[in-house]
Each structure stands twice: as C-alpha cells, then as structure tokens.
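Take a look at the structure set out below.
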Amino acid sequence: MKVLVAVKRVVDYNVKIRVKADKSGVETANVKMSMNPFDEIGVEEAVRLKEAGTATEIVAVSIGPQACQETIRTALAMGADRGILVKTDDEVQPLGVAKIFKALVEKEAPDLVLMGKQAIDDDSNQTGQMLAGLLGWPQATFLSKVELGDGSATMTREIDGGLETISVKMPCVGTVDLRLNTPRYASLPNIMKAKKKPIETIELGDLGVDTAPRLTTVSVEDPPARQAGVMVPDVAALVDKLRNEAKVI
Amino acid sequence: MSILVIADHDTTAVRQSTLATMTAAGQIGGDVTVLVAGEGCKAAAEDAAKLPGVAKVLCCDSPLYAHHLAESFAALILGIAKDYTHVLAPAVTMGKNTLPRVAALLDVAMLSDISGVVDADTFVRPIYAGNAMATVKSADAIKIITVRGASFDKAEHGSGSATVEDLAPAEDPGLSSFVGQELSKSERPELTSARVVVSGGRGMGSGENFHHIEKLADQLGGAVGASRAAVDAGYAPNDFQVGQTGKIVAPDLYVAVGISGAIQHLAGMKDSKVIVAINKDEEAPIFQVADYGLVADLFEAVPALEAELAKG
C-alpha cells in the first residue's frame with residue numbers, strides 16, 4: 001500500500017511573527033522555517049503504518065520554492081522513502097494545492113493521502129477536504145485514530161463535542177489532528193540515510209494545472225492589541241474588581 | 001446578493017454558532033436562505049424560520065444527514081449552491097469539514113473562519129493563530145465562507161416568520177458511513193457559547209487537580225477549558241482545548257489558571273471581554289493580555305477565590 005504525505009514548509013511555530021511594514025504580509029525573510037507541525041503528525045502516522053507492515057511505500061510531497069527540499073528531507077529522515085518537490089516561487093492557495101495533489105495522485109496512485117488538518121501559517125484547514133472532493137474520494141478529517149482495513153478504513157475524528165468514528169472506503173484522504181501520535185525526532189543515522197533518498201523535482205508549469213490565486217490579500221495587519229491590565233494583590237481585591245469594576249460576576 | 005446559511009443545530013433548535021453566522025450574513029446583505037439538514041430536524045427548521053432577516057428555510061429531513069458526513073452533505077449543498085452568491089456556515093466541525101469539499105467541487109476558493117465583513121467580496125480572517133489579520137478579496141462568483149462564532153454578535157431570535165420548504169435529499173455517494181460517537185457529557189454550558197470560561201493549564205499538575213477548575217466553573221456558572229499543554233499532559237480531554245488548535249472562545253469572563261499564555265492559547269481566548277490570570281510566575285506572558293492578574297499559587301488562590309465568591 002502506498003501512502004502520499006503532504007509536508008508544507010512554514011514559519012516555525014516558535015517564531016513570533018512580524019507583520020511587514022507595508023502590510024503586504026508576514027515577514028518570512030531570515031526567519032526559521034520548519035515542517036508544519038500537523039504535517040509531521042501525518043508523516044509519523046505513515047511511518048507507523050509502514051512499521052506495522054500496512055504501508056509499503058511513503059512518498060513525501062512539498063510544493064514551493066527549492067528550499068522546500070529541506071522539509072522533504074526531514075520527512076525522509078523520519079522514515080519516508082522518497083520525495084517529490086513541485087517547484088514554484090508563486091503563491092499557491094489551497095484550491096491550487098489540491099489540484100496539484102490530484103495530478104500527483106493520478107500519477108502515483110496511492111491508497112491513502114495524509115496531511116495535517118491545517119497549516120499554521122494561513123490556518124485554512126481546506127486542502128485535504130478539497131482534494132478528496134476533486135478526486136471523488138471520501139475524507140476523514142481531524143483524525144485521532146487510523147485503522148486501515150480491507151477496502152475500507154475505520155477512522156476516529158475529533159469533533160466539537162468529543163469523538164466520532166466513521167467508516168470510509170479506500171482510497172481516501174485523511175487529515176490529522178494533534179492527538180493522533182507524537183512525531184519522532186529523526187536520529188542522526190536516519191538523517192544521514194535521508195540524504196541518499198531520491199527527491200524528484202517537478203516544475204509546477206509542467207503539471208498543466210491551473211493554480212492561479214482566486215483570493216487577493218488586500219492587507220495584513222497586527223491584531224488589535226489588548227490594553228495592559230492591572231495586577232491585584234489578593235483574591236479579595238480580585239473579586240471586588242470583578243464585581244464592581246468589570247461587573248462580570 | 002443571495003446568501004445560503006448552513007445551520008448548525010441540535011435537531012430541535014439552531015445553535016449559537018448559527019446565530020453568529022446570521023449576523024455575518026446580515027452584514028453582507030441580501031436575501032438569506034437557511035438550510036437545515038438532519039434527521040428529525042423539523043423543529044430546528046421552524047426555529048430557524050424565526051431568525052431575523054431569513055427569507056426562506058430549506059428543511060431536508062433525512063437519516064442521510066443525521067451526522068453531516070462530508071461526502072453526502074456536500075452533495076446536498078452542491079445541488080443548491082449555484083442559486084446563491086454566498087454560502088456561509090459556522091466554523092464548527094460540520095462547516096470546516098464540509099465547505100472546502102463544496103468549494104472544490106464548485107471550483108471556487110474558500111474563506112475560512114472569517115472574523116469580519118468588509119464588503120460582499122472582502123473579508124477579514126485571522127492567520128498565524130490570530131497573530132495577524134488578513135483582509136482578503138475573492139474574485140469567485142460564489143463565495144464559500146466559514147464564520148468564526150466568537151467574532152460576531154449572536155442574532156436575536158426575533159419574530160421572523162419565514163416559510164419552511166422541504167428539500168429532497170441528494171443521491172448518496174456511498175463513500176462513508178457513521179459508526180459511532182463518544183460525546184463528553186456535561187451539565188455545564190457549551191464552551192464556545194458560555195458566558196464564563198474557567199481554564200486550567202500545565203500548572204494544574206495533574207488530571208485530579210482539574211476538579212479545582214470544575215468547582216470554580218460551576219460556582220461561576222461557566223464552562224471548563226484547558227490549554228494545549230494541559231491536554232497534551234493528559235490532564236483534560238481534547239474537546240476542552242482552547243487555542244489555535246482547539247476552540248476559539250470569547251466569553252464575558254475568562255479565568256486562566258496555571259496557564260503561561262503561549263501564543264497558541266492566546267489565539268483562542270484573547271477576544272474575551274474580561275480576562276483574569278492566576279499564575280505563580282509573574283513573568284508569564286498571560287499577564288500581558290489579562291485585565292486582572294494575580295501572582296499566586298493556584299492551589300491556594302483558587303480555593304480562596306471559591307470562598308470569597310461564596311460570601312456573595
């Protein structure tokens with residue numbers, strides 16, 4: 001069974017982001033970049049499926065500039081077998097990403113596509129659902145448990161009030177949530193081994209997919225700042241403030 | 001402008017998230033049709049008909065939509081979406097799961113989790129966990145949008161009297177089926193619509209200690225929340241999680257106990273009207289967003305707070 005995993009290169013989750021002075025976006029020059037943490041969970045799940053003997057090959061895919069190779073290498077060091085970089089310096093929005101993945105799925109014919117439920121840069125939470133729709137495949141979003149069977153999968157999802165279990169036909173698209181697993185750190189020998197694993201580079205233009213952005217970013221601004229509050233000396237003062245000043249209790 | 005609002009409901013009434021979505025629809029302006037789909041959802045459809053500004057309610061009462069599985073539910077929405085300029089759903093599991101699929105099948109972009117309406121084509125949405133706000137304009141003929149409930153006032157259930165029409169189910173694509181669910185049972189108000197939320201963080205030290213949070217929440221008539229650190233440590237279930245990767249809340253009063261205030265947590269609660277932080281570390285970033293900060297050991301402060309509140 002072949003698994004395709006999506007790995008997006010994003011600003012590292014520990015970086016305090018800065019909005020550009022001209023309000024055109026967020027500063028990404030000279031900022032530490034990492035694999036989207038949700039995608040790491042997707043890679044980890046694929047590797048566990050391979051270790052359990054369910055998956056036979058894991059292909060890690062990233063879309064973006066040449067530097068995305070590093071993100072693919074991280075996935076290879078975690079245990080993916082090979083990588084595909086769809087190279088472009090242009091902005092690709094979720095619908096475009098889904099169309100690129102559709103083209104790759106038609107080429108690679110995986111049984112399962114795994115990706116994070118959202119990327120921590122644009123927080124869209126769209127690509128997996130869009131890809132499933134375009135392929136006419138079922139989708140299992142916000143996964144906390146994956147059980148692959150013969151021709152179908154039993155998937156447990158994080159929903160508003162708790163957990164939901166659904167059965168989906170295979171092949172399918174899964175988007176993973178936080179509690180599915182804890183991603184491993186790549187060991188040094190595996191990092192060395194990853195350097196020898198193949199990464200195929202495909203120019204976006206060669207895929208013949210329409211990825212023209214449909215959304216225009218008018219401006220990006222800092223969120224409204226909260227006014228600094230006051231420190232209270234004790235519980236009695238706190239309750240007094242809440243009752244008589246804020247009037248919320 | 002003609003707007004389709006996909007209702008989030010419990011089969012007897014629409015949920016708070018739908019009321020916020022109605023407000024967003026009102027700000028876009030135009031005729032609003034509400035789709036209520038589910039099993040035995042007639043009462044919810046009648047409830048939706050009382051919302052202000054609703055021209056028509058479409059009720060699709062079918063077991064096919066009992067759990068809003070994305071494959072079948074998207075097929076139903078697709079069948080009618082072309083009659084509208086905007087399709088809106090609350091950014092709850094149902095909306096987040098289904099609408100991107102609808103958008104892709106219509107070959108249009110989607111705007112997730114909007115927090116503001118600029119005009120009929122232009123919307124504000126948080127990015128980078130709410131650390132930046134993007135104003136985004138859509139060029140597509142149909143705008144597919146999920147609405148952040150905490151960012152819009154709840155529409156008042158008015159004296160509206162829209163007509164309710166039955167809508168036939170769409171063909172079942174037969175790709176998925178419901179197996180079961182485990183819902184957290186609670187007498188407390190729902191986290192995203194509670195007037196008061198009391199949340200615990202890693203400082204709670206253990207799952208057992210969370211009863212301090214529960215007791216305080218009950219005393220204040222509030223819901224219980226948790227930081228991602230507390231969830232990761234196994235102190236609280238994931239559906240308590242407030243933050244970028246959990247729920248977004250904006251109650252009148254948010255009490256953060258033993259929470260340091262990681263960016264990802266602040267993203268989920270910084271729109272609360274009044275924030276109280278109790279933490280023994282005076283350097284904790286949570287104090288930078290708190291209206292009232294108390295540097296104290298939570299195991300002393302929380303019982304003292306309960307006693308003080310009990311004095312009335």
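Labels for the structure tokens follow display order: chains A, B, ..., residues from 1 in each chain, ligands from 1.
For Gly53 of chain B, the set of protein, DNA and RNA residues having any atom at most 7 Å away, when counting only C-alpha atoms and skipping those fewer than 2 positions along the same chain, is Val32, Leu51 and Ala55 of chain B.
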Per residue of chain B within 7 Å of chain A, which atom pair is closest and at what distance in Å (one decimal), using only C-alpha atoms, listed by chain and increasing number, as JSON lines?
{"residue": "B:Glu71", "atom": "CA", "partner": "A:Pro138", "partner_atom": "CA", "distance": 6.3}
{"residue": "B:Val92", "atom": "CA", "partner": "A:Asp160", "partner_atom": "CA", "distance": 6.8}
{"residue": "B:Thr93", "atom": "CA", "partner": "A:Ile159", "partner_atom": "CA", "distance": 5.7}
{"residue": "B:Asn97", "atom": "CA", "partner": "A:Thr141", "partner_atom": "CA", "distance": 6.8}
{"residue": "B:Pro100", "atom": "CA", "partner": "A:Gln126", "partner_atom": "CA", "distance": 5.2}
{"residue": "B:Arg101", "atom": "CA", "partner": "A:Met130", "partner_atom": "CA", "distance": 4.7}
{"residue": "B:Ala104", "atom": "CA", "partner": "A:Met130", "partner_atom": "CA", "distance": 5.0}
{"residue": "B:Leu105", "atom": "CA", "partner": "A:Gly133", "partner_atom": "CA", "distance": 6.1}
{"residue": "B:Ala109", "atom": "CA", "partner": "A:Arg214", "partner_atom": "CA", "distance": 6.0}
{"residue": "B:Ser112", "atom": "CA", "partner": "A:Ser124", "partner_atom": "CA", "distance": 5.6}
{"residue": "B:Ile127", "atom": "CA", "partner": "A:Asp122", "partner_atom": "CA", "distance": 5.0}
{"residue": "B:Tyr128", "atom": "CA", "partner": "A:Asp121", "partner_atom": "CA", "distance": 4.7}
{"residue": "B:Ala129", "atom": "CA", "partner": "A:Ile120", "partner_atom": "CA", "distance": 6.9}
{"residue": "B:Gly130", "atom": "CA", "partner": "A:Pro223", "partner_atom": "CA", "distance": 7.0}
{"residue": "B:Asn131", "atom": "CA", "partner": "A:Pro223", "partner_atom": "CA", "distance": 6.2}
{"residue": "B:Ala132", "atom": "CA", "partner": "A:Asp222", "partner_atom": "CA", "distance": 4.9}
{"residue": "B:Met133", "atom": "CA", "partner": "A:Glu221", "partner_atom": "CA", "distance": 5.2}
{"residue": "B:Ala134", "atom": "CA", "partner": "A:Val220", "partner_atom": "CA", "distance": 4.3}
{"residue": "B:Thr135", "atom": "CA", "partner": "A:Ser219", "partner_atom": "CA", "distance": 5.2}
{"residue": "B:Val136", "atom": "CA", "partner": "A:Thr217", "partner_atom": "CA", "distance": 4.5}
{"residue": "B:Lys137", "atom": "CA", "partner": "A:Thr216", "partner_atom": "CA", "distance": 5.1}
{"residue": "B:Ser138", "atom": "CA", "partner": "A:Leu215", "partner_atom": "CA", "distance": 4.7}
{"residue": "B:Ala139", "atom": "CA", "partner": "A:Arg214", "partner_atom": "CA", "distance": 5.7}
{"residue": "B:Asp140", "atom": "CA", "partner": "A:Arg214", "partner_atom": "CA", "distance": 6.7}
{"residue": "B:Leu175", "atom": "CA", "partner": "A:Pro138", "partner_atom": "CA", "distance": 5.5}
{"residue": "B:Ser176", "atom": "CA", "partner": "A:Val168", "partner_atom": "CA", "distance": 4.3}
{"residue": "B:Ser177", "atom": "CA", "partner": "A:Ser167", "partner_atom": "CA", "distance": 5.2}
{"residue": "B:Phe178", "atom": "CA", "partner": "A:Ile166", "partner_atom": "CA", "distance": 4.6}
{"residue": "B:Val179", "atom": "CA", "partner": "A:Ile166", "partner_atom": "CA", "distance": 4.9}
{"residue": "B:Gly180", "atom": "CA", "partner": "A:Thr165", "partner_atom": "CA", "distance": 5.1}
{"residue": "B:Gln181", "atom": "CA", "partner": "A:Glu164", "partner_atom": "CA", "distance": 4.2}
{"residue": "B:Glu182", "atom": "CA", "partner": "A:Leu163", "partner_atom": "CA", "distance": 5.1}
{"residue": "B:Leu183", "atom": "CA", "partner": "A:Gly162", "partner_atom": "CA", "distance": 4.5}
{"residue": "B:Ser184", "atom": "CA", "partner": "A:Gly162", "partner_atom": "CA", "distance": 5.6}
{"residue": "B:Asp239", "atom": "CA", "partner": "A:Gly162", "partner_atom": "CA", "distance": 5.8}
{"residue": "B:Asp252", "atom": "CA", "partner": "A:Val248", "partner_atom": "CA", "distance": 6.6}
{"residue": "B:Leu253", "atom": "CA", "partner": "A:Val248", "partner_atom": "CA", "distance": 6.4}
{"residue": "B:Gln288", "atom": "CA", "partner": "A:Ala228", "partner_atom": "CA", "distance": 6.0}
{"residue": "B:Val289", "atom": "CA", "partner": "A:Arg226", "partner_atom": "CA", "distance": 5.9}
{"residue": "B:Ala290", "atom": "CA", "partner": "A:Gly229", "partner_atom": "CA", "distance": 5.7}
{"residue": "B:Asp291", "atom": "CA", "partner": "A:Gly229", "partner_atom": "CA", "distance": 3.9}
{"residue": "B:Tyr292", "atom": "CA", "partner": "A:Val230", "partner_atom": "CA", "distance": 5.2}
{"residue": "B:Gly293", "atom": "CA", "partner": "A:Met231", "partner_atom": "CA", "distance": 4.5}
{"residue": "B:Leu294", "atom": "CA", "partner": "A:Val232", "partner_atom": "CA", "distance": 5.4}
{"residue": "B:Ala301", "atom": "CA", "partner": "A:Val235", "partner_atom": "CA", "distance": 6.6}
{"residue": "B:Ala304", "atom": "CA", "partner": "A:Val235", "partner_atom": "CA", "distance": 6.6}
{"residue": "B:Leu305", "atom": "CA", "partner": "A:Val235", "partner_atom": "CA", "distance": 5.7}
{"residue": "B:Glu308", "atom": "CA", "partner": "A:Ala236", "partner_atom": "CA", "distance": 6.6}
Go ahead and dump the residues you just picked, N, CA and C atoms, as a compact mmCIF listing (two decimals), in the first residue's frame.
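Resulting contents of out_23.txt:
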# COMPACT_ATOMS: atom_id res chain seq x y z
N GLU B 71 -19.27 13.73 2.59
CA GLU B 71 -19.48 13.30 1.20
C GLU B 71 -20.93 13.50 0.78
N VAL B 92 -17.64 25.44 12.76
CA VAL B 92 -17.70 24.31 13.69
C VAL B 92 -17.29 23.08 12.88
N THR B 93 -17.22 21.92 13.50
CA THR B 93 -16.73 20.73 12.78
C THR B 93 -17.47 20.55 11.46
N ASN B 97 -15.50 20.81 7.95
CA ASN B 97 -15.35 19.53 7.27
C ASN B 97 -15.96 19.57 5.87
N PRO B 100 -15.07 23.10 2.46
CA PRO B 100 -13.97 23.06 1.48
C PRO B 100 -14.26 22.06 0.35
N ARG B 101 -14.93 20.97 0.68
CA ARG B 101 -15.29 19.99 -0.34
C ARG B 101 -16.27 20.61 -1.34
N ALA B 104 -14.32 23.10 -3.59
CA ALA B 104 -13.50 22.45 -4.62
C ALA B 104 -14.38 21.96 -5.76
N LEU B 105 -15.55 21.40 -5.42
CA LEU B 105 -16.42 20.86 -6.47
C LEU B 105 -17.09 21.96 -7.28
N ALA B 109 -12.56 29.30 -4.62
CA ALA B 109 -11.74 29.35 -3.40
C ALA B 109 -12.66 29.41 -2.19
N SER B 112 -11.84 30.73 5.11
CA SER B 112 -12.08 30.02 6.37
C SER B 112 -12.11 30.99 7.54
N ILE B 127 -4.85 34.95 10.57
CA ILE B 127 -3.84 33.99 10.10
C ILE B 127 -2.77 33.88 11.19
N TYR B 128 -1.89 32.93 11.06
CA TYR B 128 -0.84 32.73 12.07
C TYR B 128 -1.43 32.75 13.48
N ALA B 129 -2.43 31.93 13.69
CA ALA B 129 -3.04 31.79 15.01
C ALA B 129 -3.56 33.10 15.56
N GLY B 130 -4.01 33.98 14.67
CA GLY B 130 -4.56 35.25 15.14
C GLY B 130 -3.50 36.29 15.45
N ASN B 131 -2.23 35.99 15.12
CA ASN B 131 -1.17 36.97 15.33
C ASN B 131 -1.10 37.98 14.21
N ALA B 132 -1.89 37.76 13.15
CA ALA B 132 -2.03 38.74 12.08
C ALA B 132 -3.45 38.62 11.54
N MET B 133 -3.96 39.72 11.05
CA MET B 133 -5.30 39.70 10.48
C MET B 133 -5.18 40.04 8.99
N ALA B 134 -5.67 39.14 8.15
CA ALA B 134 -5.58 39.35 6.70
C ALA B 134 -6.93 39.83 6.18
N THR B 135 -6.88 40.85 5.34
CA THR B 135 -8.07 41.28 4.63
C THR B 135 -7.97 40.69 3.23
N VAL B 136 -8.95 39.89 2.85
CA VAL B 136 -8.85 39.08 1.65
C VAL B 136 -10.06 39.32 0.76
N LYS B 137 -9.79 39.46 -0.55
CA LYS B 137 -10.87 39.71 -1.50
C LYS B 137 -11.00 38.51 -2.43
N SER B 138 -12.22 38.08 -2.65
CA SER B 138 -12.46 36.92 -3.50
C SER B 138 -12.96 37.35 -4.87
N ALA B 139 -12.43 36.70 -5.90
CA ALA B 139 -12.83 37.03 -7.27
C ALA B 139 -13.86 36.01 -7.79
N ASP B 140 -14.21 35.04 -6.98
CA ASP B 140 -15.11 33.99 -7.46
C ASP B 140 -16.58 34.42 -7.43
N LEU B 175 -19.82 6.77 0.04
CA LEU B 175 -18.37 6.68 0.27
C LEU B 175 -18.03 6.49 1.74
N SER B 176 -18.97 6.85 2.62
CA SER B 176 -18.65 6.85 4.04
C SER B 176 -19.90 6.50 4.84
N SER B 177 -19.68 6.01 6.04
CA SER B 177 -20.82 5.75 6.92
C SER B 177 -20.45 6.02 8.37
N PHE B 178 -21.46 6.34 9.16
CA PHE B 178 -21.27 6.66 10.56
C PHE B 178 -21.17 5.37 11.36
N VAL B 179 -20.20 5.29 12.25
CA VAL B 179 -20.05 4.09 13.09
C VAL B 179 -20.49 4.36 14.52
N GLY B 180 -20.00 5.44 15.10
CA GLY B 180 -20.39 5.75 16.47
C GLY B 180 -19.76 7.04 16.94
N GLN B 181 -20.17 7.49 18.11
CA GLN B 181 -19.54 8.69 18.67
C GLN B 181 -19.48 8.60 20.19
N GLU B 182 -18.53 9.34 20.72
CA GLU B 182 -18.33 9.43 22.17
C GLU B 182 -18.36 10.90 22.49
N LEU B 183 -19.47 11.38 23.03
CA LEU B 183 -19.54 12.80 23.33
C LEU B 183 -19.31 13.02 24.82
N SER B 184 -18.58 14.07 25.13
CA SER B 184 -18.35 14.40 26.53
C SER B 184 -19.68 14.83 27.13
N ASP B 239 -11.44 18.00 23.82
CA ASP B 239 -12.53 18.93 23.47
C ASP B 239 -12.65 20.07 24.48
N ASP B 252 -17.70 36.61 28.37
CA ASP B 252 -17.62 37.87 29.13
C ASP B 252 -16.47 37.80 30.12
N LEU B 253 -16.26 36.62 30.69
CA LEU B 253 -15.20 36.45 31.68
C LEU B 253 -14.41 35.18 31.38
N GLN B 288 0.25 39.71 30.18
CA GLN B 288 0.26 40.82 29.22
C GLN B 288 -1.09 41.01 28.55
N VAL B 289 -1.94 40.00 28.61
CA VAL B 289 -3.26 40.16 28.00
C VAL B 289 -4.37 40.19 29.06
N ALA B 290 -3.99 39.94 30.33
CA ALA B 290 -5.01 39.85 31.38
C ALA B 290 -5.44 41.24 31.84
N ASP B 291 -6.73 41.40 32.09
CA ASP B 291 -7.23 42.65 32.68
C ASP B 291 -6.89 42.68 34.15
N TYR B 292 -6.99 41.51 34.79
CA TYR B 292 -6.65 41.40 36.21
C TYR B 292 -5.71 40.22 36.39
N GLY B 293 -4.55 40.50 36.94
CA GLY B 293 -3.57 39.44 37.16
C GLY B 293 -3.35 39.24 38.65
N LEU B 294 -3.21 37.97 39.02
CA LEU B 294 -2.92 37.66 40.42
C LEU B 294 -1.75 36.68 40.45
N ALA B 301 -4.89 30.04 45.81
CA ALA B 301 -5.73 31.12 45.30
C ALA B 301 -7.12 30.64 44.86
N ALA B 304 -9.38 29.94 47.79
CA ALA B 304 -9.68 31.24 48.41
C ALA B 304 -10.70 32.00 47.57
N LEU B 305 -10.55 31.89 46.25
CA LEU B 305 -11.47 32.56 45.33
C LEU B 305 -12.87 31.98 45.48
N GLU B 308 -14.33 33.29 48.66
CA GLU B 308 -14.68 34.71 48.54
C GLU B 308 -15.97 34.88 47.73
Which polymer residues have any atom within 9 Å of an atom of Ala230 of chain B, counting only C-alpha atoms, with same-chain residues fewer than 2 positions away left out, as a tab-separated table (two decimals) with N, CA, C and O atoms, in the first residue's frame?
chain	number	residue	atom	x	y	z
B	200	GLY	N	-7.78	25.63	32.83
B	200	GLY	CA	-6.58	25.23	33.56
B	200	GLY	C	-5.46	24.88	32.59
B	200	GLY	O	-5.71	24.42	31.48
B	201	GLY	N	-4.23	25.09	33.05
B	201	GLY	CA	-3.06	24.80	32.22
B	201	GLY	C	-2.17	23.76	32.83
B	201	GLY	O	-2.58	23.02	33.74
B	202	ARG	N	-0.94	23.74	32.36
B	202	ARG	CA	0.01	22.75	32.84
B	202	ARG	C	0.26	22.89	34.35
B	202	ARG	O	0.56	21.93	35.03
B	203	GLY	N	0.07	24.13	34.85
B	203	GLY	CA	0.27	24.39	36.27
B	203	GLY	C	-0.65	23.60	37.18
B	203	GLY	O	-0.41	23.51	38.38
B	204	MET	N	-1.71	23.00	36.62
B	204	MET	CA	-2.62	22.19	37.43
B	204	MET	C	-1.90	20.96	37.98
B	204	MET	O	-2.30	20.41	39.00
B	205	GLY	N	-0.89	20.51	37.26
B	205	GLY	CA	-0.05	19.43	37.78
B	205	GLY	C	-0.58	18.02	37.59
B	205	GLY	O	0.20	17.08	37.50
B	206	SER	N	-1.90	17.86	37.54
B	206	SER	CA	-2.44	16.52	37.33
B	206	SER	C	-3.91	16.63	36.90
B	206	SER	O	-4.54	17.68	37.06
B	207	GLY	N	-4.43	15.52	36.38
B	207	GLY	CA	-5.83	15.48	35.97
B	207	GLY	C	-6.75	15.61	37.18
B	207	GLY	O	-7.79	16.25	37.11
B	226	ALA	N	-9.18	24.24	28.77
B	226	ALA	CA	-7.83	23.81	29.10
B	226	ALA	C	-6.88	24.31	28.03
B	226	ALA	O	-7.28	24.57	26.90
B	227	SER	N	-5.62	24.48	28.42
B	227	SER	CA	-4.61	24.85	27.43
B	227	SER	C	-4.15	23.58	26.71
B	227	SER	O	-4.38	22.47	27.19
B	228	ARG	N	-3.48	23.78	25.59
B	228	ARG	CA	-2.98	22.62	24.86
B	228	ARG	C	-1.97	21.84	25.72
B	228	ARG	O	-1.94	20.61	25.69
B	232	ASP	N	-2.16	18.01	26.29
B	232	ASP	CA	-1.03	17.14	25.91
B	232	ASP	C	-0.54	16.32	27.11
B	232	ASP	O	-0.10	15.19	26.97
B	233	ALA	N	-0.62	16.93	28.31
B	233	ALA	CA	-0.15	16.24	29.51
B	233	ALA	C	-1.19	15.23	30.01
B	233	ALA	O	-0.93	14.52	30.97
B	234	GLY	N	-2.37	15.22	29.37
B	234	GLY	CA	-3.39	14.25	29.75
B	234	GLY	C	-4.24	14.70	30.94
B	234	GLY	O	-4.97	13.91	31.52
B	235	TYR	N	-4.16	15.99	31.30
B	235	TYR	CA	-4.94	16.49	32.44
B	235	TYR	C	-6.41	16.71	32.06
B	235	TYR	O	-7.27	16.71	32.94
B	236	ALA	N	-6.66	16.95	30.78
B	236	ALA	CA	-8.02	17.30	30.36
B	236	ALA	C	-8.25	16.74	28.95
B	236	ALA	O	-7.29	16.60	28.18
B	237	PRO	N	-9.50	16.43	28.62
B	237	PRO	CA	-9.78	15.91	27.28
B	237	PRO	C	-9.59	16.98	26.20
B	237	PRO	O	-9.68	18.18	26.49
B	241	GLN	N	-9.98	21.88	24.87
B	241	GLN	CA	-8.85	22.71	24.47
B	241	GLN	C	-9.25	24.06	23.87
B	241	GLN	O	-10.02	24.13	22.92
B	259	ILE	N	-1.95	28.88	33.56
B	259	ILE	CA	-1.68	28.89	32.11
B	259	ILE	C	-0.64	29.97	31.85
B	259	ILE	O	-0.83	31.13	32.24
In Å to one decimal, how far is atom CA of Ile199 of chain A from atom CA of Ile84 of chain A?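 Pair atom CA of Ile84 of chain A / atom CA of Ile199 of chain A returns 5.4 Å.
The space between atom CA of Gly258 of chain B and atom CA of Pro189 of chain B spans 21.9 Å.
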For Leu188 of chain A, please output as a PyMOL selection string all residues within 9 Å (counting only C-alpha atoms; exclusion window: fewer than 4 positions along the same chain). chain A and resi 77+192-193
A:Pro65, A:Gly205, A:Gly151, A:Gly79 ranked by distance to Lys50 of chain A, top pick (using only C-alpha atoms):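 Of A:Pro65, A:Gly205, A:Gly151, A:Gly79, the one nearest Lys50 of chain A, counting only C-alpha atoms, is A:Gly79.
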State, in Å with one decimal place, the distance from atom CA of Gly79 of chain B to atom CA of Cys41 of chain B.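 Separation between atom CA of Gly79 of chain B and atom CA of Cys41 of chain B: 19.5 Å.
Of the residues in segment 165-231 of chain A, those given helix (DSSP H, G or I) by DSSP on the backbone are Leu178, Arg179, Leu180, Leu188, Pro189, Asn190, Ile191, Met192, Lys193, Ala194, Leu204, Gly205, Asp206 and Leu207 of chain A.
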